[in-house]
$ cat final23.cif   # mmCIF, C-alpha atoms and all ligand atoms
data_coords
loop_
_atom_site.label_atom_id
_atom_site.label_comp_id
_atom_site.auth_asym_id
_atom_site.auth_seq_id
_atom_site.Cartn_x
_atom_site.Cartn_y
_atom_site.Cartn_z
CA MET A 1 25.95 114.91 150.81
CA ALA A 2 28.44 117.10 152.66
CA ARG A 3 26.94 118.99 155.58
CA TYR A 4 27.75 122.56 156.61
CA ILE A 5 28.50 122.91 160.32
CA ALA A 6 29.26 126.17 162.12
CA LEU A 7 31.70 125.66 165.00
CA VAL A 8 31.88 128.59 167.41
CA PRO A 9 34.70 128.58 169.97
CA ALA A 10 33.37 130.39 173.05
CA ALA A 11 35.56 129.10 175.86
CA GLY A 12 37.75 132.19 176.25
CA SER A 13 37.85 134.36 179.36
CA GLY A 14 38.01 137.76 177.63
CA SER A 15 41.07 138.89 179.59
CA ARG A 16 41.73 141.95 177.40
CA PHE A 17 38.11 143.06 177.82
CA GLY A 18 38.42 142.71 181.58
CA ALA A 19 34.71 142.37 182.53
CA ALA A 20 33.34 140.25 185.40
CA SER A 21 32.01 137.66 182.91
CA PRO A 22 33.61 136.59 179.59
CA LYS A 23 32.81 139.10 176.84
CA GLN A 24 30.63 136.62 174.90
CA TYR A 25 28.08 136.80 177.74
CA LEU A 26 27.90 140.60 178.08
CA GLN A 27 24.49 142.10 177.42
CA LEU A 28 24.23 143.67 173.98
CA ASN A 29 20.90 145.10 172.83
CA GLY A 30 18.97 142.91 175.29
CA LYS A 31 20.73 139.61 174.57
CA PRO A 32 24.10 138.02 175.38
CA LEU A 33 26.67 139.20 172.83
CA MET A 34 27.13 135.65 171.53
CA TRP A 35 23.40 135.25 170.89
CA HIS A 36 23.73 137.64 167.94
CA THR A 37 26.63 135.59 166.56
CA LEU A 38 24.77 132.29 166.87
CA ALA A 39 21.52 133.75 165.50
CA THR A 40 23.25 134.97 162.33
CA LEU A 41 24.85 131.57 161.70
CA ALA A 42 21.53 129.80 162.36
CA ALA A 43 19.84 132.13 159.84
CA VAL A 44 22.07 130.91 156.99
CA SER A 45 19.92 128.36 155.22
CA ALA A 46 22.88 126.24 153.99
CA ILE A 47 24.11 125.70 157.57
CA ASP A 48 22.78 122.48 159.12
CA GLU A 49 24.08 122.81 162.66
CA VAL A 50 25.54 125.55 164.89
CA ALA A 51 27.85 124.01 167.50
CA VAL A 52 29.07 126.26 170.29
CA VAL A 53 32.13 125.14 172.28
CA ILE A 54 32.07 126.35 175.89
CA SER A 55 34.34 125.64 178.81
CA PRO A 56 33.49 122.61 180.99
CA GLN A 57 33.62 125.12 183.90
CA ASP A 58 31.28 127.62 182.18
CA GLU A 59 28.99 129.34 184.73
CA TRP A 60 26.95 131.50 182.39
CA PHE A 61 25.59 129.54 179.41
CA ASP A 62 22.77 127.79 181.25
CA ASP A 63 21.42 131.04 182.72
CA PHE A 64 19.98 132.11 179.36
CA ALA A 65 17.22 130.62 177.19
CA TRP A 66 19.02 130.74 173.84
CA ASP A 67 15.98 129.69 171.87
CA LEU A 68 17.79 129.24 168.55
CA PRO A 69 17.29 126.59 165.86
CA LYS A 70 20.14 124.23 164.93
CA LEU A 71 22.03 124.93 168.20
CA ARG A 72 24.22 122.26 169.79
CA VAL A 73 26.37 122.79 172.89
CA CYS A 74 29.75 121.09 173.35
CA ARG A 75 31.24 121.55 176.84
CA VAL A 76 34.77 120.69 175.72
CA GLY A 77 36.60 124.04 175.54
CA GLY A 78 40.38 123.91 176.01
CA ALA A 79 43.25 126.13 177.14
CA SER A 80 43.65 127.82 173.73
CA ARG A 81 41.36 128.70 170.88
CA ALA A 82 42.96 126.01 168.70
CA GLU A 83 42.41 123.44 171.44
CA SER A 84 38.75 124.45 171.82
CA VAL A 85 38.26 124.07 168.06
CA GLY A 86 40.09 120.69 167.98
CA ASN A 87 38.06 119.37 170.92
CA GLY A 88 34.84 120.64 169.34
CA LEU A 89 35.63 118.89 166.06
CA ALA A 90 36.28 115.62 167.88
CA ALA A 91 33.00 115.95 169.84
CA LEU A 92 30.98 116.65 166.68
CA GLY A 93 32.04 113.52 164.84
CA CYS A 94 31.78 115.03 161.33
CA ASP A 95 32.41 113.16 158.09
CA ALA A 96 35.77 114.11 156.51
CA ASP A 97 33.90 115.74 153.60
CA ASP A 98 31.67 117.95 155.74
CA TRP A 99 32.39 121.67 155.66
CA VAL A 100 33.17 123.26 159.01
CA LEU A 101 32.86 127.04 159.39
CA VAL A 102 34.82 128.11 162.48
CA HIS A 103 33.68 131.50 163.73
CA ASP A 104 34.71 133.55 166.78
CA ALA A 105 31.88 133.99 169.30
CA ALA A 106 33.08 137.57 169.78
CA ARG A 107 32.46 138.56 166.11
CA CYS A 108 28.83 139.35 166.77
CA CYS A 109 28.26 141.68 163.79
CA LEU A 110 28.78 138.98 161.17
CA SER A 111 26.19 139.26 158.40
CA VAL A 112 24.24 136.46 156.74
CA ALA A 113 25.33 137.88 153.35
CA ALA A 114 29.04 137.51 154.19
CA VAL A 115 28.59 133.86 155.24
CA GLU A 116 26.58 133.13 152.09
CA ARG A 117 29.33 134.73 149.96
CA LEU A 118 31.96 132.57 151.69
CA ILE A 119 29.96 129.38 151.15
CA ALA A 120 29.13 130.19 147.52
CA THR A 121 32.77 131.01 146.70
CA LEU A 122 34.24 127.93 148.37
CA SER A 123 31.79 125.12 147.75
CA GLY A 124 33.72 123.89 144.69
CA HIS A 125 37.14 124.50 146.27
CA GLN A 126 39.49 121.68 147.30
CA VAL A 127 40.87 123.20 150.50
CA GLY A 128 38.63 125.99 151.77
CA GLY A 129 39.33 129.53 152.87
CA LEU A 130 38.38 132.45 155.03
CA LEU A 131 36.77 135.85 155.12
CA ALA A 132 39.43 138.54 155.17
CA LEU A 133 39.77 142.23 154.51
CA PRO A 134 42.36 143.92 152.28
CA VAL A 135 44.35 146.27 154.56
CA PRO A 136 42.88 149.73 153.90
CA ASP A 137 45.47 151.92 155.68
CA THR A 138 49.14 152.64 155.18
CA VAL A 139 51.07 150.13 157.31
CA LYS A 140 53.99 151.10 159.57
CA ARG A 141 56.42 148.79 161.35
CA ALA A 142 57.54 150.27 164.70
CA ASP A 143 61.12 150.21 165.92
CA SER A 144 61.90 149.29 169.54
CA GLU A 145 61.29 152.88 170.72
CA GLY A 146 57.89 153.30 169.10
CA HIS A 147 59.11 155.37 166.16
CA VAL A 148 58.37 154.42 162.59
CA GLY A 149 61.00 151.87 161.57
CA ALA A 150 59.57 151.26 158.10
CA THR A 151 56.54 151.70 155.90
CA VAL A 152 55.35 148.28 154.76
CA PRO A 153 53.75 148.12 151.29
CA ARG A 154 50.14 147.11 151.91
CA ASN A 155 49.81 145.56 148.48
CA GLY A 156 48.72 141.94 149.01
CA LEU A 157 48.17 142.31 152.77
CA TRP A 158 44.87 141.07 154.22
CA LEU A 159 43.43 141.00 157.74
CA ALA A 160 42.14 137.51 158.59
CA GLN A 161 38.59 137.28 159.91
CA THR A 162 36.22 134.39 160.50
CA PRO A 163 34.34 132.26 159.49
CA GLN A 164 37.22 130.12 158.28
CA MET A 165 35.75 127.27 156.26
CA PHE A 166 37.50 123.95 155.68
CA ARG A 167 36.63 120.33 155.04
CA ALA A 168 36.42 118.65 158.45
CA GLY A 169 39.05 116.07 157.50
CA VAL A 170 41.55 118.71 156.31
CA LEU A 171 41.05 120.84 159.43
CA GLU A 172 41.15 117.97 161.89
CA LYS A 173 44.43 116.66 160.41
CA ALA A 174 46.03 120.12 160.27
CA LEU A 175 45.14 120.89 163.91
CA ARG A 176 46.32 117.45 165.05
CA GLU A 177 49.69 117.81 163.32
CA GLN A 178 50.51 121.44 164.19
CA PRO A 179 51.36 122.49 167.76
CA ALA A 180 48.48 124.56 169.17
CA ASP A 181 50.68 127.10 171.03
CA ASP A 182 51.23 129.69 168.33
CA ILE A 183 48.26 128.95 166.07
CA THR A 184 45.79 131.85 166.23
CA ASP A 185 43.53 130.81 163.39
CA GLU A 186 42.57 127.66 161.51
CA ALA A 187 44.02 128.90 158.21
CA SER A 188 47.55 129.03 159.75
CA ALA A 189 47.32 125.35 160.66
CA VAL A 190 46.08 124.47 157.17
CA GLU A 191 48.85 126.60 155.58
CA ARG A 192 51.50 124.83 157.64
CA ALA A 193 50.14 121.56 156.31
CA GLY A 194 51.21 122.88 152.87
CA LEU A 195 47.74 123.84 151.59
CA LYS A 196 46.56 127.22 150.27
CA PRO A 197 43.30 128.60 151.71
CA LEU A 198 41.41 131.06 149.51
CA LEU A 199 40.89 134.66 150.68
CA VAL A 200 37.27 135.78 150.33
CA GLU A 201 36.50 139.45 150.87
CA GLY A 202 34.67 140.12 154.14
CA ASP A 203 33.57 143.45 155.53
CA ALA A 204 34.75 145.85 158.22
CA GLN A 205 31.62 145.31 160.34
CA ASN A 206 32.79 141.76 161.07
CA PHE A 207 35.29 142.90 163.69
CA LYS A 208 36.06 141.03 166.91
CA VAL A 209 34.91 142.59 170.16
CA THR A 210 38.17 142.66 172.12
CA TYR A 211 38.21 145.80 174.31
CA PRO A 212 35.40 147.70 176.11
CA ARG A 213 35.64 150.48 173.47
CA ASP A 214 34.45 147.99 170.82
CA LEU A 215 30.99 147.55 172.38
CA ALA A 216 29.55 150.90 171.28
CA LEU A 217 30.23 150.14 167.61
CA ALA A 218 28.77 146.61 167.89
CA ARG A 219 25.67 148.03 169.61
CA ALA A 220 25.19 150.64 166.87
CA ILE A 221 25.62 148.14 164.01
CA LEU A 222 23.16 145.64 165.51
CA ALA A 223 20.63 148.36 166.37
CA ALA A 224 20.80 149.75 162.83
CA ARG A 225 20.18 146.28 161.38
CA ALA A 226 17.28 145.62 163.74
CA GLY A 227 15.70 148.93 162.68
CA GLN A 228 15.89 148.15 158.96
N1 LIG A 301 38.39 130.94 172.71
C1 LIG A 301 38.08 129.62 173.06
N2 LIG A 301 38.91 128.93 173.92
C2 LIG A 301 40.00 129.53 174.44
C3 LIG A 301 40.32 130.87 174.08
C4 LIG A 301 39.49 131.55 173.20
O1 LIG A 301 37.10 129.07 172.60
N3 LIG A 301 40.75 128.84 175.29
C5 LIG A 301 37.46 131.68 171.84
C6 LIG A 301 36.93 132.96 172.48
O2 LIG A 301 35.82 132.67 173.34
C7 LIG A 301 36.56 133.80 171.27
C8 LIG A 301 37.51 133.31 170.17
O3 LIG A 301 38.12 132.11 170.67
O4 LIG A 301 35.24 133.56 170.81
C9 LIG A 301 38.54 134.37 169.85
O5 LIG A 301 39.38 134.60 170.95
P1 LIG A 301 39.64 136.00 171.67
O6 LIG A 301 38.94 137.11 170.97
O7 LIG A 301 41.11 136.09 171.91
O8 LIG A 301 38.82 135.80 173.06
P2 LIG A 301 39.43 135.56 174.51
O9 LIG A 301 40.56 134.60 174.42
O10 LIG A 301 38.28 135.22 175.38
O11 LIG A 301 39.94 137.03 174.88
P3 LIG A 301 41.40 137.43 175.44
O12 LIG A 301 42.41 136.95 174.43
O13 LIG A 301 41.33 138.92 175.56
O14 LIG A 301 41.53 136.74 176.78
MG MG A 302 42.39 135.09 173.30
#
$ encode --input "final23.cif" --output "structure tokens" --more "lines below"
Ligand code: CTP
Ligand code: MG
Amino acid sequence: MARYIALVPAAGSGSRFGAASPKQYLQLNGKPLMWHTLATLAAVSAIDEVAVVISPQDEWFDDFAWDLPKLRVCRVGGASRAESVGNGLAALGCDADDWVLVHDAARCCLSVAAVERLIATLSGHQVGGLLALPVPDTVKRADSEGHVGATVPRNGLWLAQTPQMFRAGVLEKALREQPADDITDEASAVERAGLKPLLVEGDAQNFKVTYPRDLALARAILAARAGQ
């Protein structure tokens, strides 16, 4: 039977955040930010294993007792997100039919319900797909001076999130055949291989912590959930 494996790239340095340690290790409500991410994935009953990909030079992971079920650590992070994911896939040794759910470590407000919706929607699908959000605002394209150059119809536009869920064989082949340089998510690699991932509606709380200003919102969302 196909297994469900969460693969969490966590080998980035968080340069836009600009803290002393990578953002995935910042303290958030008493735990490293990434603990919340990993705990949510581990709480999804369909998921068999949660594999976190860290840098071989990581200086922070071993300082914390993660104490989570299903957790596996792969110290094979690469120079780009795509490389970290590709290396992680190779280290895991999945069957081609296994489902892999790639999820950013920095999306720490992911909900169990969103992951369950993704899995339920895609389990009969040939290719796989991703959580994404229909663009809610009016979209402007800037000209070179920062004025509005055009208003872009938002009809049909979605913001890609993670998890992005594909059969291991499909994902491994797509990442191997597409150059990693300009690939920012797994779906792009799969699309370039000529396949059509399915868009599954996510939610706005599943944002990626990128800048220091994002922490207050993440803290409030997690605190509200803990208080429920
Ligand atoms: N990531 C990774 N390996 C890399 C680069 C990024 O595993 N070489 C991971 C990050 O740790 C993060 C996810 O990919 O969980 C999304 O990347 P991003 O939000 O861009 O994180 P960073 O690359 O760390 O941040 P920045 O781009 O600001 O440096
Ligand atoms: Mg990055």
$ residues_around --input "final23.cif" --residues "Glu172 of chain A" --least-positions-apart "2" --cutoff "12 Å" --atoms "only C-alpha atoms" --output "ChimeraX atom specification"
/A:82-83,85-100,102,166-170,174-178,186-187,189-190,193
$ closest_residue --input "final23.cif" --among "A:Arg219, A:His147, A:Arg117, A:Arg81" --to "Gly14 of chain A" --atoms "all atoms listed in the file"
A:Arg81
$ closest_residue --input "final23.cif" --among "A:Asp63, A:Glu116, A:Glu49, A:Asp58" --to "Pro32 of chain A" --atoms "all atoms listed in the file"
A:Asp63
$ axis_aligned_box --input "final23.cif" --around "segment 165-179 of chain A" --padding-each-side "6 Å" --output "AutoDock Vina command-line options"
--center_x 43.6 --center_y 121.7 --center_z 161.4 --size_x 27.6 --size_y 23.2 --size_z 24.7
$ atom_distance --input "final23.cif" --atom1 "atom N3 of ligand LIG 301 (chain A)" --atom2 "atom CA of Ser13 of chain A"
7.4 Å
$ residues_near_ligand --input "final23.cif" --ligand "ligand LIG 301 (chain A)" --cutoff "9 Å" --atoms "only C-alpha atoms and all ligand atoms" --output "PyMOL selection string"
chain A and resi 8-18+22-24+34+52-55+77-85+103-107+184-185+208-211
$ atom_distance --input "final23.cif" --atom1 "atom CA of Thr37 of chain A" --atom2 "atom CA of Gly124 of chain A"
25.8 Å
$ atom_distance --input "final23.cif" --atom1 "atom CA of Gly129 of chain A" --atom2 "atom CA of Leu198 of chain A"
4.2 Å
$ residues_around --input "final23.cif" --residues "Gly202 of chain A" --least-positions-apart "4" --cutoff "10 Å" --atoms "all atoms listed in the file" --output "NGL selection string"
:A and (110-111 or 113-115 or 117-118 or 130-134 or 159-163 or 206-207)
$ write_last_selection --input "final23.cif" --atoms "C-alpha atoms" --output "mmCIF file, keeping the file's coordinate frame"
data_model
loop_
_atom_site.group_PDB
_atom_site.id
_atom_site.type_symbol
_atom_site.label_atom_id
_atom_site.label_comp_id
_atom_site.auth_asym_id
_atom_site.auth_seq_id
_atom_site.Cartn_x
_atom_site.Cartn_y
_atom_site.Cartn_z
ATOM 1 C CA LEU A 110 28.780 138.980 161.170
ATOM 2 C CA SER A 111 26.190 139.260 158.400
ATOM 3 C CA ALA A 113 25.330 137.880 153.350
ATOM 4 C CA ALA A 114 29.040 137.510 154.190
ATOM 5 C CA VAL A 115 28.590 133.860 155.240
ATOM 6 C CA ARG A 117 29.330 134.730 149.960
ATOM 7 C CA LEU A 118 31.960 132.570 151.690
ATOM 8 C CA LEU A 130 38.380 132.450 155.030
ATOM 9 C CA LEU A 131 36.770 135.850 155.120
ATOM 10 C CA ALA A 132 39.430 138.540 155.170
ATOM 11 C CA LEU A 133 39.770 142.230 154.510
ATOM 12 C CA PRO A 134 42.360 143.920 152.280
ATOM 13 C CA LEU A 159 43.430 141.000 157.740
ATOM 14 C CA ALA A 160 42.140 137.510 158.590
ATOM 15 C CA GLN A 161 38.590 137.280 159.910
ATOM 16 C CA THR A 162 36.220 134.390 160.500
ATOM 17 C CA PRO A 163 34.340 132.260 159.490
ATOM 18 C CA ASN A 206 32.790 141.760 161.070
ATOM 19 C CA PHE A 207 35.290 142.900 163.690
#
$ closest_residue --input "final23.cif" --among "A:Ile183, A:Ala218, A:Val127, A:Ala42" --to "ligand MG 302 (chain A)" --atoms "all atoms listed in the file"
A:Ile183
$ residues_around --input "final23.cif" --residues "Val152 of chain A" --least-positions-apart "5" --cutoff "9 Å" --atoms "only C-alpha atoms" --output "PyMOL selection string"
chain A and resi 138-141
$ decode --input "final23.cif" --residues "segment 170-183 of chain A" --atoms "all heavy atoms" --output "CSV table (one decimal), in the first residue's frame"
chain,number,residue,atom,x,y,z
A,170,VAL,N,6.9,10.5,-9.5
A,170,VAL,CA,6.7,11.6,-10.4
A,170,VAL,C,7.6,12.8,-10.0
A,170,VAL,O,8.2,13.5,-10.8
A,170,VAL,CB,5.2,12.0,-10.3
A,170,VAL,CG1,4.9,13.4,-10.9
A,170,VAL,CG2,4.3,11.0,-10.9
A,171,LEU,N,7.6,13.0,-8.7
A,171,LEU,CA,8.4,14.2,-8.1
A,171,LEU,C,9.9,14.0,-8.3
A,171,LEU,O,10.6,14.9,-8.8
A,171,LEU,CB,8.1,14.4,-6.6
A,171,LEU,CG,8.7,15.6,-6.0
A,171,LEU,CD1,8.3,16.9,-6.7
A,171,LEU,CD2,8.3,15.6,-4.5
A,172,GLU,N,10.3,12.8,-8.1
A,172,GLU,CA,11.8,12.5,-8.2
A,172,GLU,C,12.2,12.8,-9.6
A,172,GLU,O,13.2,13.4,-9.9
A,172,GLU,CB,12.1,11.1,-7.7
A,172,GLU,CG,13.5,10.7,-7.5
A,172,GLU,CD,14.1,10.2,-8.8
A,172,GLU,OE1,13.4,9.5,-9.6
A,172,GLU,OE2,15.3,10.6,-9.1
A,173,LYS,N,11.4,12.3,-10.6
A,173,LYS,CA,11.8,12.4,-12.0
A,173,LYS,C,11.7,13.9,-12.4
A,173,LYS,O,12.6,14.4,-13.1
A,173,LYS,CB,10.8,11.6,-12.8
A,173,LYS,CG,11.1,11.5,-14.3
A,173,LYS,CD,10.2,10.4,-15.0
A,173,LYS,CE,10.5,10.2,-16.4
A,173,LYS,NZ,9.9,11.3,-17.3
A,174,ALA,N,10.7,14.6,-12.0
A,174,ALA,CA,10.5,16.0,-12.4
A,174,ALA,C,11.7,16.8,-11.9
A,174,ALA,O,12.3,17.6,-12.6
A,174,ALA,CB,9.2,16.5,-11.9
A,175,LEU,N,12.1,16.6,-10.6
A,175,LEU,CA,13.2,17.4,-10.0
A,175,LEU,C,14.5,17.0,-10.7
A,175,LEU,O,15.4,17.8,-10.8
A,175,LEU,CB,13.3,17.1,-8.5
A,175,LEU,CG,12.2,17.7,-7.7
A,175,LEU,CD1,12.3,17.3,-6.2
A,175,LEU,CD2,12.1,19.2,-7.8
A,176,ARG,N,14.7,15.7,-11.1
A,176,ARG,CA,15.9,15.3,-11.7
A,176,ARG,C,16.1,15.9,-13.1
A,176,ARG,O,17.2,16.3,-13.5
A,176,ARG,CB,15.9,13.8,-11.8
A,176,ARG,CG,17.2,13.2,-12.3
A,176,ARG,CD,17.4,11.7,-11.9
A,176,ARG,NE,16.1,10.9,-11.8
A,176,ARG,CZ,15.5,10.3,-12.8
A,176,ARG,NH1,15.9,10.4,-14.0
A,176,ARG,NH2,14.4,9.6,-12.6
A,177,GLU,N,14.9,16.1,-13.8
A,177,GLU,CA,15.0,16.5,-15.2
A,177,GLU,C,14.9,18.0,-15.3
A,177,GLU,O,15.3,18.6,-16.4
A,177,GLU,CB,13.9,15.8,-16.0
A,177,GLU,CG,14.2,14.4,-16.2
A,177,GLU,CD,13.1,13.6,-16.8
A,177,GLU,OE1,12.1,14.2,-17.2
A,177,GLU,OE2,13.3,12.4,-17.0
A,178,GLN,N,14.5,18.8,-14.3
A,178,GLN,CA,14.4,20.2,-14.4
A,178,GLN,C,15.6,20.9,-13.7
A,178,GLN,O,15.9,20.4,-12.6
A,178,GLN,CB,13.1,20.8,-13.8
A,178,GLN,CG,11.9,20.0,-14.2
A,178,GLN,CD,11.7,19.9,-15.7
A,178,GLN,OE1,11.9,20.9,-16.4
A,178,GLN,NE2,11.2,18.8,-16.2
A,179,PRO,N,16.2,21.9,-14.2
A,179,PRO,CA,17.3,22.6,-13.5
A,179,PRO,C,16.7,23.2,-12.2
A,179,PRO,O,15.7,23.8,-12.3
A,179,PRO,CB,17.8,23.6,-14.5
A,179,PRO,CG,16.7,23.7,-15.5
A,179,PRO,CD,15.9,22.5,-15.6
A,180,ALA,N,17.5,23.1,-11.1
A,180,ALA,CA,17.0,23.5,-9.8
A,180,ALA,C,17.0,25.0,-9.7
A,180,ALA,O,16.2,25.6,-8.9
A,180,ALA,CB,17.8,22.9,-8.7
A,181,ASP,N,17.8,25.8,-10.5
A,181,ASP,CA,18.0,27.2,-10.3
A,181,ASP,C,16.7,28.0,-10.1
A,181,ASP,O,16.6,28.8,-9.2
A,181,ASP,CB,18.8,27.8,-11.4
A,181,ASP,CG,19.7,26.8,-12.1
A,181,ASP,OD1,19.8,25.7,-11.6
A,181,ASP,OD2,20.2,27.2,-13.2
A,182,ASP,N,15.8,27.9,-11.0
A,182,ASP,CA,14.7,28.8,-11.0
A,182,ASP,C,13.4,28.1,-10.6
A,182,ASP,O,12.3,28.5,-10.8
A,182,ASP,CB,14.5,29.5,-12.3
A,182,ASP,CG,14.2,28.5,-13.4
A,182,ASP,OD1,14.6,27.4,-13.3
A,182,ASP,OD2,13.7,29.0,-14.5
A,183,ILE,N,13.5,26.9,-9.9
A,183,ILE,CA,12.3,26.2,-9.4
A,183,ILE,C,12.1,26.6,-8.0
A,183,ILE,O,12.9,26.3,-7.1
A,183,ILE,CB,12.6,24.7,-9.5
A,183,ILE,CG1,12.7,24.3,-11.0
A,183,ILE,CG2,11.5,23.9,-8.8
A,183,ILE,CD1,11.4,23.9,-11.7
